[in-house]
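Structure first, then comments.
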Amino acid sequence: MKFQLLPLTLLAVFGLAIAAESDYPLDAPAPDGRRPGGTITQEFTPPPLHDEENKDLRRERNYPEQPPTIPHSIRGYQIDRNSNKCLSCHSRANSARTQSPMISFTHYTDRDSQTLGAVAPRRYFCTQCHVPQQDVKPLVENQFETIDELLYRETSPESEGRR
Ligand code: HEC
Ligand code: HEC
């Protein structure tokens, strides 16, 4: 009987501890991050979602191992245990018929570097790594330079004086 009450007692004690912790002022200014202005408890209307970019033009990768971004809309494309819409175009067997780029052999390799006949389970859920893009202003500044840009800057004549 006593043991049955133990979880409840613990819950009550922890509940009190948490309640005591959170006595911050509700109108404290919110940290200026992706949601600038307002207070911590204030709710804003979120900006509208943009459409997925759908230009069908493959984009340059920033580094060779980058999962390429998806250059077409994937709205309504189902990926679950029973079916994978992406593979109906991108699998080895279907890529020629659909003229879609074939998933590379890495997608057929399991974690022990064994090449399988079918897509490896760890590469089955495509959108874990590949994402569509939207034509919006980036939320944070990005100064990333590709290795080609870096090499060009380092070896071009104008950069001689700086080195
Ligand atoms: C109807 C066929 C079709 C389906 C279904 C499809 N794709 Fe594609 N995909 C293409 C074609 C064709 C291209 C080549 C560029 C283009 O025409 O959009 C492409 C390009 C890509 C690329 C760019 C490859 C690169 O090298 O830049 C990625 C990544 C991709 N698709 C991922 C996916 C994912 C993930 C799904 C499922 C959510 C999917 N695709 C479903 C036909 C398809
Ligand atoms: C664990 C992450 C991951 C998953 C899951 C994954 N990919 Fe990839 N994909 C990559 C990476 C990384 C690359 C680039 C390097 C390479 O080819 O392995 C790539 C490359 C590609 C390419 C370009 C191939 C080429 O040779 O240019 C296509 C198309 C593609 N993936 C489609 C898919 C589809 C369709 C699925 C789902 C069946 C999928 N990927 C699942 C990480 C992933």
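Scheme for the structure tokens: letters A, B, ... for chains in order shown; per-chain residue numbers from 1; ligand numbers from 1 in order shown.
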
DSSP alpha helix (DSSP H) residues within stretch 27-109 of chain A, listed as a list in words: Leu87, Ser88, Cys89, His90, Arg92, Ala93, Asn94, Ser95, Ala96, Arg97 and Thr98 of chain A

Long-range neighbours of A:Leu57 as a list in words, 10 Å cut-off, only C-alpha atoms, 2 positions minimum in chain: Glu53, Asn54, Lys55, Arg59, Glu60, Ile70, Pro71 and His72 of chain A

Please write out the residues within 9 Å of ligand 1 as a ChimeraX atom specification, counting only C-alpha atoms and all ligand atoms. /A:54-61,67-79,84-90,95,98-103,125-132

For A:Phe144: contacts at 10 Å, only C-alpha atoms, fewer than 4 positions along chain excluded, given as a list in words: Asn62, Glu149 and Leu150 of chain A

Excluding stretch 30-33 of chain A and any residue of its chain fewer than 4 positions from it, enumerate the residues within 10 Å of it, using only C-alpha atoms, and give them as a PDB file with all heavy atoms, in the first residue's frame.
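So the final result, stored in result.pdb, reads:
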```pdb
ATOM      1  N   LEU A  26       6.592  37.283 -16.394  1.00  0.00           N
ATOM      2  CA  LEU A  26       6.006  36.836 -17.654  1.00  0.00           C
ATOM      3  C   LEU A  26       6.164  37.877 -18.759  1.00  0.00           C
ATOM      4  O   LEU A  26       6.012  37.575 -19.933  1.00  0.00           O
ATOM      5  CB  LEU A  26       4.531  36.509 -17.461  1.00  0.00           C
ATOM      6  CG  LEU A  26       4.284  35.295 -16.562  1.00  0.00           C
ATOM      7  CD1 LEU A  26       2.797  35.059 -16.403  1.00  0.00           C
ATOM      8  CD2 LEU A  26       4.974  34.053 -17.097  1.00  0.00           C
ATOM      9  N   GLY A  37      11.718  40.792 -30.839  1.00  0.00           N
ATOM     10  CA  GLY A  37      10.706  41.638 -30.221  1.00  0.00           C
ATOM     11  C   GLY A  37       9.770  40.875 -29.315  1.00  0.00           C
ATOM     12  O   GLY A  37       9.833  39.653 -29.192  1.00  0.00           O
ATOM     13  N   GLY A  38       8.857  41.634 -28.635  1.00  0.00           N
ATOM     14  CA  GLY A  38       7.847  41.008 -27.804  1.00  0.00           C
ATOM     15  C   GLY A  38       8.401  40.481 -26.486  1.00  0.00           C
ATOM     16  O   GLY A  38       9.568  40.668 -26.160  1.00  0.00           O
ATOM     17  N   THR A  39       7.526  39.840 -25.731  1.00  0.00           N
ATOM     18  CA  THR A  39       7.932  39.245 -24.462  1.00  0.00           C
ATOM     19  C   THR A  39       7.877  37.737 -24.586  1.00  0.00           C
ATOM     20  O   THR A  39       7.408  37.204 -25.582  1.00  0.00           O
ATOM     21  CB  THR A  39       6.985  39.686 -23.332  1.00  0.00           C
ATOM     22  OG1 THR A  39       5.704  39.121 -23.602  1.00  0.00           O
ATOM     23  CG2 THR A  39       6.862  41.190 -23.254  1.00  0.00           C
ATOM     24  N   ILE A  40       8.357  37.063 -23.524  1.00  0.00           N
ATOM     25  CA  ILE A  40       8.447  35.604 -23.576  1.00  0.00           C
ATOM     26  C   ILE A  40       7.082  34.965 -23.797  1.00  0.00           C
ATOM     27  O   ILE A  40       6.948  33.986 -24.522  1.00  0.00           O
ATOM     28  CB  ILE A  40       9.092  35.081 -22.274  1.00  0.00           C
ATOM     29  CG1 ILE A  40      10.579  35.419 -22.288  1.00  0.00           C
ATOM     30  CG2 ILE A  40       8.900  33.583 -22.133  1.00  0.00           C
ATOM     31  CD1 ILE A  40      11.322  35.005 -21.052  1.00  0.00           C
ATOM     32  N   THR A  41       6.041  35.511 -23.177  1.00  0.00           N
ATOM     33  CA  THR A  41       4.742  34.844 -23.245  1.00  0.00           C
ATOM     34  C   THR A  41       3.882  35.310 -24.420  1.00  0.00           C
ATOM     35  O   THR A  41       2.861  34.717 -24.702  1.00  0.00           O
ATOM     36  CB  THR A  41       3.948  35.086 -21.950  1.00  0.00           C
ATOM     37  OG1 THR A  41       3.972  36.499 -21.701  1.00  0.00           O
ATOM     38  CG2 THR A  41       4.548  34.327 -20.794  1.00  0.00           C
ATOM     39  N   GLN A  42       4.300  36.376 -25.091  1.00  0.00           N
ATOM     40  CA  GLN A  42       3.496  36.920 -26.194  1.00  0.00           C
ATOM     41  C   GLN A  42       3.522  35.990 -27.405  1.00  0.00           C
ATOM     42  O   GLN A  42       4.578  35.454 -27.743  1.00  0.00           O
ATOM     43  CB  GLN A  42       4.088  38.254 -26.612  1.00  0.00           C
ATOM     44  CG  GLN A  42       3.070  39.344 -26.770  1.00  0.00           C
ATOM     45  CD  GLN A  42       3.752  40.671 -27.049  1.00  0.00           C
ATOM     46  OE1 GLN A  42       4.953  40.830 -26.822  1.00  0.00           O
ATOM     47  NE2 GLN A  42       2.992  41.603 -27.544  1.00  0.00           N
ATOM     48  N   LEU A 139      17.273  33.186 -42.548  1.00  0.00           N
ATOM     49  CA  LEU A 139      17.030  33.738 -41.212  1.00  0.00           C
ATOM     50  C   LEU A 139      18.321  34.171 -40.541  1.00  0.00           C
ATOM     51  O   LEU A 139      18.331  35.081 -39.728  1.00  0.00           O
ATOM     52  CB  LEU A 139      16.343  32.687 -40.340  1.00  0.00           C
ATOM     53  CG  LEU A 139      14.893  32.404 -40.677  1.00  0.00           C
ATOM     54  CD1 LEU A 139      14.407  31.173 -39.944  1.00  0.00           C
ATOM     55  CD2 LEU A 139      14.040  33.603 -40.322  1.00  0.00           C
ATOM     56  N   VAL A 140      19.398  33.501 -40.863  1.00  0.00           N
ATOM     57  CA  VAL A 140      20.690  33.871 -40.267  1.00  0.00           C
ATOM     58  C   VAL A 140      21.688  34.100 -41.388  1.00  0.00           C
ATOM     59  O   VAL A 140      21.606  33.499 -42.448  1.00  0.00           O
ATOM     60  CB  VAL A 140      21.224  32.767 -39.321  1.00  0.00           C
ATOM     61  CG1 VAL A 140      20.448  32.738 -38.037  1.00  0.00           C
ATOM     62  CG2 VAL A 140      21.228  31.420 -39.990  1.00  0.00           C
TER      63      VAL A 140
END
```

Measure the distance from atom CA of A:His107 to atom CA of A:Asn82 in Å and round it to one decimal.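 Between atom CA of A:His107 and atom CA of A:Asn82 the gap works out to 18.4 Å.
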
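Here the question is which of A:Ile147, A:Ala96, A:Val119, A:Leu6 gets nearest to ligand 2 using only C-alpha atoms and all ligand atoms, and that residue is A:Val119.
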
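Checking A:Glu158, A:Glu65, A:Glu141, A:Asp112 one by one against ligand 2, counting only C-alpha atoms and all ligand atoms, you find the shortest gap at A:Glu65.
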
One decimal, in Å: what's the spacing between atom CA of A:Arg35 and atom CA of A:Glu145?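 Straight-line distance from atom CA of A:Arg35 to atom CA of A:Glu145 works out to 27.0 Å.
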
Go ahead and compute the interatomic distance for atom CA of A:Arg81 and atom CA of A:Tyr124, in Å to one decimal.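 Value for the atom CA of A:Arg81-atom CA of A:Tyr124 distance: 9.3 Å.
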
Ranking A:Tyr108, A:Ala93, A:Leu49, A:Val136 by minimum distance to A:Ala120 and counting only C-alpha atoms, which one comes first?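 Comparing A:Tyr108, A:Ala93, A:Leu49, A:Val136 against A:Ala120, the winner is A:Tyr108.
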